[in-house]
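protein_33.txt (compact mmCIF, N, CA and C atoms) appears below.
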```
# COMPACT_ATOMS: atom_id res chain seq x y z
N MET A 1066 0.83 -1.19 0.00
CA MET A 1066 0.00 0.00 0.00
C MET A 1066 0.88 1.26 0.00
N THR A 1067 1.89 1.26 0.85
CA THR A 1067 2.77 2.42 0.93
C THR A 1067 3.48 2.68 -0.39
N SER A 1068 3.94 1.63 -1.03
CA SER A 1068 4.66 1.82 -2.30
C SER A 1068 3.73 2.36 -3.39
N ARG A 1069 2.46 1.98 -3.35
CA ARG A 1069 1.51 2.49 -4.34
C ARG A 1069 1.41 4.01 -4.23
N PHE A 1070 1.34 4.52 -3.02
CA PHE A 1070 1.22 5.96 -2.82
C PHE A 1070 2.55 6.67 -3.02
N SER A 1071 3.63 6.10 -2.55
CA SER A 1071 4.93 6.77 -2.69
C SER A 1071 5.37 6.81 -4.14
N ASN A 1072 5.01 5.79 -4.93
CA ASN A 1072 5.36 5.80 -6.35
C ASN A 1072 4.58 6.86 -7.13
N ASN A 1073 3.47 7.26 -6.60
CA ASN A 1073 2.62 8.25 -7.28
C ASN A 1073 2.50 9.56 -6.50
N SER A 1074 3.45 9.83 -5.65
CA SER A 1074 3.34 11.00 -4.77
C SER A 1074 3.27 12.32 -5.54
N GLU A 1075 4.00 12.45 -6.64
CA GLU A 1075 3.94 13.70 -7.42
C GLU A 1075 2.57 13.88 -8.06
N LEU A 1076 2.01 12.80 -8.58
CA LEU A 1076 0.68 12.88 -9.17
C LEU A 1076 -0.37 13.19 -8.11
N LEU A 1077 -0.27 12.56 -6.96
CA LEU A 1077 -1.22 12.82 -5.87
C LEU A 1077 -1.11 14.27 -5.38
N THR A 1078 0.09 14.80 -5.36
CA THR A 1078 0.28 16.19 -4.97
C THR A 1078 -0.38 17.12 -5.99
N ASP A 1079 -0.21 16.81 -7.28
CA ASP A 1079 -0.87 17.61 -8.33
C ASP A 1079 -2.39 17.55 -8.15
N LEU A 1080 -2.92 16.37 -7.90
CA LEU A 1080 -4.36 16.21 -7.75
C LEU A 1080 -4.88 16.93 -6.50
N ALA A 1081 -4.08 16.96 -5.45
CA ALA A 1081 -4.48 17.66 -4.22
C ALA A 1081 -4.65 19.15 -4.48
N LEU A 1082 -3.90 19.70 -5.43
CA LEU A 1082 -4.02 21.12 -5.75
C LEU A 1082 -5.34 21.46 -6.43
N LEU A 1083 -6.06 20.46 -6.89
CA LEU A 1083 -7.36 20.69 -7.52
C LEU A 1083 -8.48 20.91 -6.51
N SER A 1084 -8.19 20.69 -5.25
CA SER A 1084 -9.19 20.86 -4.20
C SER A 1084 -9.45 22.35 -3.95
N PRO A 1085 -10.71 22.73 -3.82
CA PRO A 1085 -11.02 24.13 -3.51
C PRO A 1085 -10.36 24.65 -2.23
N ILE A 1086 -10.02 23.76 -1.33
CA ILE A 1086 -9.32 24.17 -0.10
C ILE A 1086 -7.99 24.85 -0.44
N GLN A 1087 -7.39 24.45 -1.54
CA GLN A 1087 -6.08 24.97 -1.94
C GLN A 1087 -6.16 26.26 -2.78
N PHE A 1088 -7.35 26.63 -3.23
CA PHE A 1088 -7.47 27.76 -4.16
C PHE A 1088 -6.83 29.04 -3.65
N TYR A 1089 -7.08 29.37 -2.40
CA TYR A 1089 -6.54 30.63 -1.87
C TYR A 1089 -5.01 30.61 -1.87
N ALA A 1090 -4.45 29.46 -1.55
CA ALA A 1090 -2.99 29.35 -1.42
C ALA A 1090 -2.26 29.66 -2.73
N TYR A 1091 -2.84 29.32 -3.84
CA TYR A 1091 -2.12 29.54 -5.10
C TYR A 1091 -2.77 30.54 -6.03
N LYS A 1092 -3.72 31.33 -5.54
CA LYS A 1092 -4.29 32.37 -6.39
C LYS A 1092 -3.20 33.31 -6.88
N LYS A 1093 -2.23 33.54 -6.03
CA LYS A 1093 -1.14 34.43 -6.41
C LYS A 1093 -0.09 33.72 -7.26
N LYS A 1094 0.25 32.49 -6.86
CA LYS A 1094 1.29 31.78 -7.61
C LYS A 1094 1.23 30.29 -7.29
N LEU A 1095 1.29 29.48 -8.34
CA LEU A 1095 1.34 28.04 -8.18
C LEU A 1095 2.78 27.59 -7.91
N PRO A 1096 2.95 26.50 -7.19
CA PRO A 1096 4.30 25.96 -7.02
C PRO A 1096 4.91 25.65 -8.39
N HIS A 1097 6.21 25.80 -8.50
CA HIS A 1097 6.92 25.66 -9.78
C HIS A 1097 6.65 24.32 -10.46
N GLN A 1098 6.63 23.23 -9.72
CA GLN A 1098 6.47 21.91 -10.30
C GLN A 1098 5.00 21.47 -10.39
N ALA A 1099 4.09 22.31 -9.97
CA ALA A 1099 2.68 21.94 -9.96
C ALA A 1099 2.20 21.53 -11.35
N PHE A 1100 1.51 20.42 -11.42
CA PHE A 1100 0.86 19.90 -12.61
C PHE A 1100 1.80 19.39 -13.70
N LYS A 1101 3.08 19.30 -13.43
CA LYS A 1101 4.00 18.73 -14.41
C LYS A 1101 3.72 17.25 -14.62
N THR A 1102 3.55 16.52 -13.54
CA THR A 1102 3.27 15.08 -13.64
C THR A 1102 1.89 14.84 -14.24
N LEU A 1103 0.90 15.61 -13.80
CA LEU A 1103 -0.45 15.48 -14.35
C LEU A 1103 -0.45 15.77 -15.85
N SER A 1104 0.27 16.80 -16.26
CA SER A 1104 0.36 17.16 -17.68
C SER A 1104 0.94 16.02 -18.50
N LYS A 1105 1.96 15.39 -17.97
CA LYS A 1105 2.59 14.26 -18.66
C LYS A 1105 1.61 13.09 -18.79
N LYS A 1106 0.85 12.82 -17.72
CA LYS A 1106 -0.06 11.68 -17.71
C LYS A 1106 -1.26 11.86 -18.64
N ILE A 1107 -1.76 13.08 -18.78
CA ILE A 1107 -2.99 13.28 -19.57
C ILE A 1107 -2.73 13.76 -21.00
N LEU A 1108 -1.49 13.99 -21.37
CA LEU A 1108 -1.17 14.48 -22.71
C LEU A 1108 -1.81 13.63 -23.80
N LYS A 1109 -1.73 12.32 -23.68
CA LYS A 1109 -2.25 11.44 -24.73
C LYS A 1109 -3.78 11.51 -24.87
N PHE A 1110 -4.45 12.09 -23.90
CA PHE A 1110 -5.91 12.21 -23.95
C PHE A 1110 -6.37 13.59 -24.45
N THR A 1111 -5.41 14.41 -24.87
CA THR A 1111 -5.73 15.77 -25.32
C THR A 1111 -5.36 15.95 -26.79
N ASN A 1112 -5.66 17.12 -27.30
CA ASN A 1112 -5.25 17.49 -28.67
C ASN A 1112 -3.95 18.28 -28.68
N PHE A 1113 -3.35 18.45 -27.51
CA PHE A 1113 -2.10 19.19 -27.43
C PHE A 1113 -0.94 18.32 -27.86
N LYS A 1114 0.13 18.99 -28.31
CA LYS A 1114 1.31 18.26 -28.79
C LYS A 1114 2.40 18.12 -27.74
N THR A 1115 2.40 19.02 -26.75
CA THR A 1115 3.47 18.98 -25.75
C THR A 1115 2.90 19.03 -24.35
N GLU A 1116 3.70 18.57 -23.41
CA GLU A 1116 3.32 18.65 -21.99
C GLU A 1116 3.20 20.10 -21.55
N ASP A 1117 4.02 20.97 -22.10
CA ASP A 1117 3.95 22.39 -21.73
C ASP A 1117 2.62 23.01 -22.13
N GLU A 1118 2.09 22.60 -23.28
CA GLU A 1118 0.78 23.11 -23.70
C GLU A 1118 -0.32 22.64 -22.74
N VAL A 1119 -0.25 21.39 -22.33
CA VAL A 1119 -1.22 20.86 -21.37
C VAL A 1119 -1.08 21.61 -20.05
N TYR A 1120 0.16 21.77 -19.59
CA TYR A 1120 0.43 22.47 -18.34
C TYR A 1120 -0.15 23.89 -18.38
N ASN A 1121 0.10 24.61 -19.46
CA ASN A 1121 -0.40 25.99 -19.58
C ASN A 1121 -1.92 26.03 -19.55
N GLN A 1122 -2.56 25.07 -20.21
CA GLN A 1122 -4.03 25.03 -20.22
C GLN A 1122 -4.59 24.73 -18.84
N ILE A 1123 -4.00 23.74 -18.17
CA ILE A 1123 -4.45 23.41 -16.80
C ILE A 1123 -4.27 24.63 -15.90
N HIS A 1124 -3.13 25.25 -16.01
CA HIS A 1124 -2.82 26.42 -15.18
C HIS A 1124 -3.83 27.54 -15.41
N GLU A 1125 -4.08 27.88 -16.66
CA GLU A 1125 -5.04 28.95 -16.99
C GLU A 1125 -6.44 28.63 -16.49
N GLU A 1126 -6.89 27.41 -16.76
CA GLU A 1126 -8.24 27.02 -16.37
C GLU A 1126 -8.40 27.00 -14.85
N LEU A 1127 -7.40 26.51 -14.16
CA LEU A 1127 -7.50 26.41 -12.71
C LEU A 1127 -7.46 27.79 -12.06
N ILE A 1128 -6.64 28.67 -12.56
CA ILE A 1128 -6.60 30.04 -12.02
C ILE A 1128 -7.95 30.71 -12.25
N SER A 1129 -8.50 30.57 -13.44
CA SER A 1129 -9.81 31.16 -13.74
C SER A 1129 -10.89 30.56 -12.83
N PHE A 1130 -10.90 29.25 -12.71
CA PHE A 1130 -11.89 28.57 -11.88
C PHE A 1130 -11.75 29.00 -10.42
N SER A 1131 -10.52 29.06 -9.92
CA SER A 1131 -10.32 29.43 -8.51
C SER A 1131 -10.72 30.88 -8.26
N ASN A 1132 -10.50 31.75 -9.24
CA ASN A 1132 -10.89 33.15 -9.08
C ASN A 1132 -12.41 33.31 -9.05
N ASN A 1133 -13.12 32.39 -9.67
CA ASN A 1133 -14.58 32.45 -9.70
C ASN A 1133 -15.25 31.54 -8.69
N TRP A 1134 -14.47 30.82 -7.92
CA TRP A 1134 -15.00 29.82 -7.00
C TRP A 1134 -16.00 30.40 -6.00
N GLU A 1135 -15.73 31.59 -5.48
CA GLU A 1135 -16.64 32.17 -4.49
C GLU A 1135 -18.05 32.33 -5.04
N PHE A 1136 -18.16 32.59 -6.33
CA PHE A 1136 -19.48 32.74 -6.96
C PHE A 1136 -20.05 31.39 -7.38
N LEU A 1137 -19.20 30.50 -7.85
CA LEU A 1137 -19.65 29.19 -8.33
C LEU A 1137 -20.18 28.31 -7.22
N LYS A 1138 -19.65 28.46 -6.02
CA LYS A 1138 -20.06 27.59 -4.92
C LYS A 1138 -21.34 28.05 -4.24
N MET A 1139 -21.89 29.18 -4.66
CA MET A 1139 -23.11 29.69 -4.04
C MET A 1139 -24.29 28.78 -4.33
N SER A 1140 -25.16 28.70 -3.37
CA SER A 1140 -26.40 27.94 -3.56
C SER A 1140 -27.38 28.83 -4.32
N ILE A 1141 -28.46 28.23 -4.76
CA ILE A 1141 -29.52 29.00 -5.44
C ILE A 1141 -30.08 30.07 -4.49
N ALA A 1142 -30.26 29.70 -3.23
CA ALA A 1142 -30.78 30.66 -2.25
C ALA A 1142 -29.84 31.86 -2.11
N ASP A 1143 -28.53 31.61 -2.09
CA ASP A 1143 -27.56 32.71 -2.01
C ASP A 1143 -27.67 33.62 -3.23
N GLU A 1144 -27.81 33.01 -4.40
CA GLU A 1144 -27.93 33.78 -5.64
C GLU A 1144 -29.14 34.71 -5.58
N TYR A 1145 -30.28 34.18 -5.14
CA TYR A 1145 -31.50 34.99 -5.06
C TYR A 1145 -31.38 36.07 -4.00
N GLU A 1146 -30.71 35.77 -2.91
CA GLU A 1146 -30.52 36.77 -1.86
C GLU A 1146 -29.70 37.94 -2.40
N ILE A 1147 -28.66 37.67 -3.14
CA ILE A 1147 -27.83 38.73 -3.72
C ILE A 1147 -28.62 39.50 -4.77
N LEU A 1148 -29.35 38.77 -5.61
CA LEU A 1148 -30.15 39.41 -6.65
C LEU A 1148 -31.20 40.34 -6.03
N ASN A 1149 -31.90 39.87 -5.00
CA ASN A 1149 -32.90 40.70 -4.33
C ASN A 1149 -32.27 41.92 -3.68
N TRP A 1150 -31.10 41.76 -3.08
CA TRP A 1150 -30.40 42.88 -2.46
C TRP A 1150 -30.04 43.92 -3.51
N GLU A 1151 -29.55 43.46 -4.67
CA GLU A 1151 -29.20 44.39 -5.74
C GLU A 1151 -30.43 45.12 -6.27
N LEU A 1152 -31.54 44.40 -6.42
CA LEU A 1152 -32.77 45.03 -6.90
C LEU A 1152 -33.29 46.07 -5.91
N GLU A 1153 -33.24 45.76 -4.62
CA GLU A 1153 -33.67 46.72 -3.60
C GLU A 1153 -32.79 47.96 -3.62
N ASN A 1154 -31.51 47.80 -3.77
CA ASN A 1154 -30.61 48.94 -3.82
C ASN A 1154 -30.84 49.78 -5.07
N ASP A 1155 -31.13 49.13 -6.21
CA ASP A 1155 -31.43 49.86 -7.43
C ASP A 1155 -32.71 50.67 -7.27
N GLU A 1156 -33.73 50.09 -6.63
CA GLU A 1156 -34.99 50.79 -6.40
C GLU A 1156 -34.79 51.97 -5.47
N ASP A 1157 -34.00 51.78 -4.43
CA ASP A 1157 -33.70 52.88 -3.48
C ASP A 1157 -32.99 54.01 -4.20
N HIS A 1158 -32.05 53.64 -5.07
CA HIS A 1158 -31.28 54.65 -5.81
C HIS A 1158 -32.20 55.42 -6.77
N LEU A 1159 -33.13 54.72 -7.43
CA LEU A 1159 -34.04 55.36 -8.36
C LEU A 1159 -35.01 56.30 -7.65
N GLU A 1160 -35.43 55.96 -6.44
CA GLU A 1160 -36.34 56.81 -5.68
C GLU A 1160 -35.66 58.12 -5.30
N GLY A 1161 -34.36 58.07 -5.12
CA GLY A 1161 -33.63 59.26 -4.74
C GLY A 1161 -33.33 60.20 -5.90
N VAL A 1162 -33.63 59.76 -7.13
CA VAL A 1162 -33.32 60.57 -8.32
C VAL A 1162 -34.42 61.52 -8.63
```

As structure tokens, the full file:
Amino acid sequence: MTSRFSNNSELLTDLALLSPIQFYAYKKKLPHQAFKTLSKKILKFTNFKTEDEVYNQIHEELISFSNNWEFLKMSIADEYEILNWELENDEDHLEGV
């Protein structure tokens, strides 16, 4: 069991970075080696020609996703609460005009 995990420790580390718990930690900067192993493993399943292209795509998508996570994780009730608050503020602003 130990050898199974130790042989794949770099891949498991890359996969751990996909957790939303980690988003805040790397919003500013990802670790230098992040996603290198994952890029190598999934290259054959993509239309990219190089591991660097896969790495760049993963990096871009993950940064975008993590930057939007606060909005994406909202429930429907949260969405309606924000929408209603915005509508009330717009109505208050219009009454003052």

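Taking only C-alpha atoms, the non-local environment of Asp1079 in chain A within 9 Å (same-chain residues fewer than 2 positions away omitted) comprises A:Ser1074, A:Glu1075, A:Leu1076, A:Leu1077, A:Ala1081, A:Leu1082, A:Leu1083, A:Gln1098, A:Ala1099, A:Phe1100, A:Lys1101, A:Thr1102, A:Leu1103.
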
Store the residues picked out above, limited to N, CA and C atoms, as an mmCIF file, keeping the file's coordinate frame.
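That gives us selection12.cif:
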```cif
data_model
loop_
_atom_site.group_PDB
_atom_site.id
_atom_site.type_symbol
_atom_site.label_atom_id
_atom_site.label_comp_id
_atom_site.auth_asym_id
_atom_site.auth_seq_id
_atom_site.Cartn_x
_atom_site.Cartn_y
_atom_site.Cartn_z
ATOM 1 N N SER A 1074 3.450 9.830 -5.650
ATOM 2 C CA SER A 1074 3.340 11.000 -4.770
ATOM 3 C C SER A 1074 3.270 12.320 -5.540
ATOM 4 N N GLU A 1075 4.000 12.450 -6.640
ATOM 5 C CA GLU A 1075 3.940 13.700 -7.420
ATOM 6 C C GLU A 1075 2.570 13.880 -8.060
ATOM 7 N N LEU A 1076 2.010 12.800 -8.580
ATOM 8 C CA LEU A 1076 0.680 12.880 -9.170
ATOM 9 C C LEU A 1076 -0.370 13.190 -8.110
ATOM 10 N N LEU A 1077 -0.270 12.560 -6.960
ATOM 11 C CA LEU A 1077 -1.220 12.820 -5.870
ATOM 12 C C LEU A 1077 -1.110 14.270 -5.380
ATOM 13 N N ALA A 1081 -4.080 16.960 -5.450
ATOM 14 C CA ALA A 1081 -4.480 17.660 -4.220
ATOM 15 C C ALA A 1081 -4.650 19.150 -4.480
ATOM 16 N N LEU A 1082 -3.900 19.700 -5.430
ATOM 17 C CA LEU A 1082 -4.020 21.120 -5.750
ATOM 18 C C LEU A 1082 -5.340 21.460 -6.430
ATOM 19 N N LEU A 1083 -6.060 20.460 -6.890
ATOM 20 C CA LEU A 1083 -7.360 20.690 -7.520
ATOM 21 C C LEU A 1083 -8.480 20.910 -6.510
ATOM 22 N N GLN A 1098 6.630 23.230 -9.720
ATOM 23 C CA GLN A 1098 6.470 21.910 -10.300
ATOM 24 C C GLN A 1098 5.000 21.470 -10.390
ATOM 25 N N ALA A 1099 4.090 22.310 -9.970
ATOM 26 C CA ALA A 1099 2.680 21.940 -9.960
ATOM 27 C C ALA A 1099 2.200 21.530 -11.350
ATOM 28 N N PHE A 1100 1.510 20.420 -11.420
ATOM 29 C CA PHE A 1100 0.860 19.900 -12.610
ATOM 30 C C PHE A 1100 1.800 19.390 -13.700
ATOM 31 N N LYS A 1101 3.080 19.300 -13.430
ATOM 32 C CA LYS A 1101 4.000 18.730 -14.410
ATOM 33 C C LYS A 1101 3.720 17.250 -14.620
ATOM 34 N N THR A 1102 3.550 16.520 -13.540
ATOM 35 C CA THR A 1102 3.270 15.080 -13.640
ATOM 36 C C THR A 1102 1.890 14.840 -14.240
ATOM 37 N N LEU A 1103 0.900 15.610 -13.800
ATOM 38 C CA LEU A 1103 -0.450 15.480 -14.350
ATOM 39 C C LEU A 1103 -0.450 15.770 -15.850
#
```

Select from range 1088-1156 of chain A everything DSSP, run on the backbone, classes as helix (DSSP H, G or I), then give the selection as a PyMOL selection string. chain A and resi 1088-1091+1101-1110+1116-1137+1141-1156

Would you pick out the contacts of Tyr1089 in chain A at 10 Å or less, using only C-alpha atoms, so that residues sharing its chain but fewer than 4 positions from it are not included, and give the list as a ChimeraX atom specification? /A:1085,1093-1094,1131-1132,1134

Distance CA of Tyr1120 in chain A-CA of Tyr1091 in chain A, one decimal place? 15.2 Å

Let me know the centre plus edge lengths, in Å and rounded to one decimal, of a box with edges along x, y and z that contains all listed atoms of range 1111-1126 of chain A and is padded by 4 Å on every side, as JSON.
```
{"center_x": -2.2, "center_y": 21.7, "center_z": -21.8, "size_x": 20.4, "size_y": 22.5, "size_z": 21.9}
```

Which residues are close to Ser1104 in chain A, i.e. within 7 Å by only N, CA and C atoms, leaving aside same-chain residues fewer than 5 positions away? Reply as a PyMOL selection string. chain A and resi 1109+1115-1117+1119-1120

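Picture a line from CA of Asn1133 in chain A to CA of Ile1086 in chain A; it runs 13.7 Å.
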
How many Å separate CA of Ile1107 in chain A from CA of Ile1123 in chain A?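 These two atoms are separated by 10.6 Å.
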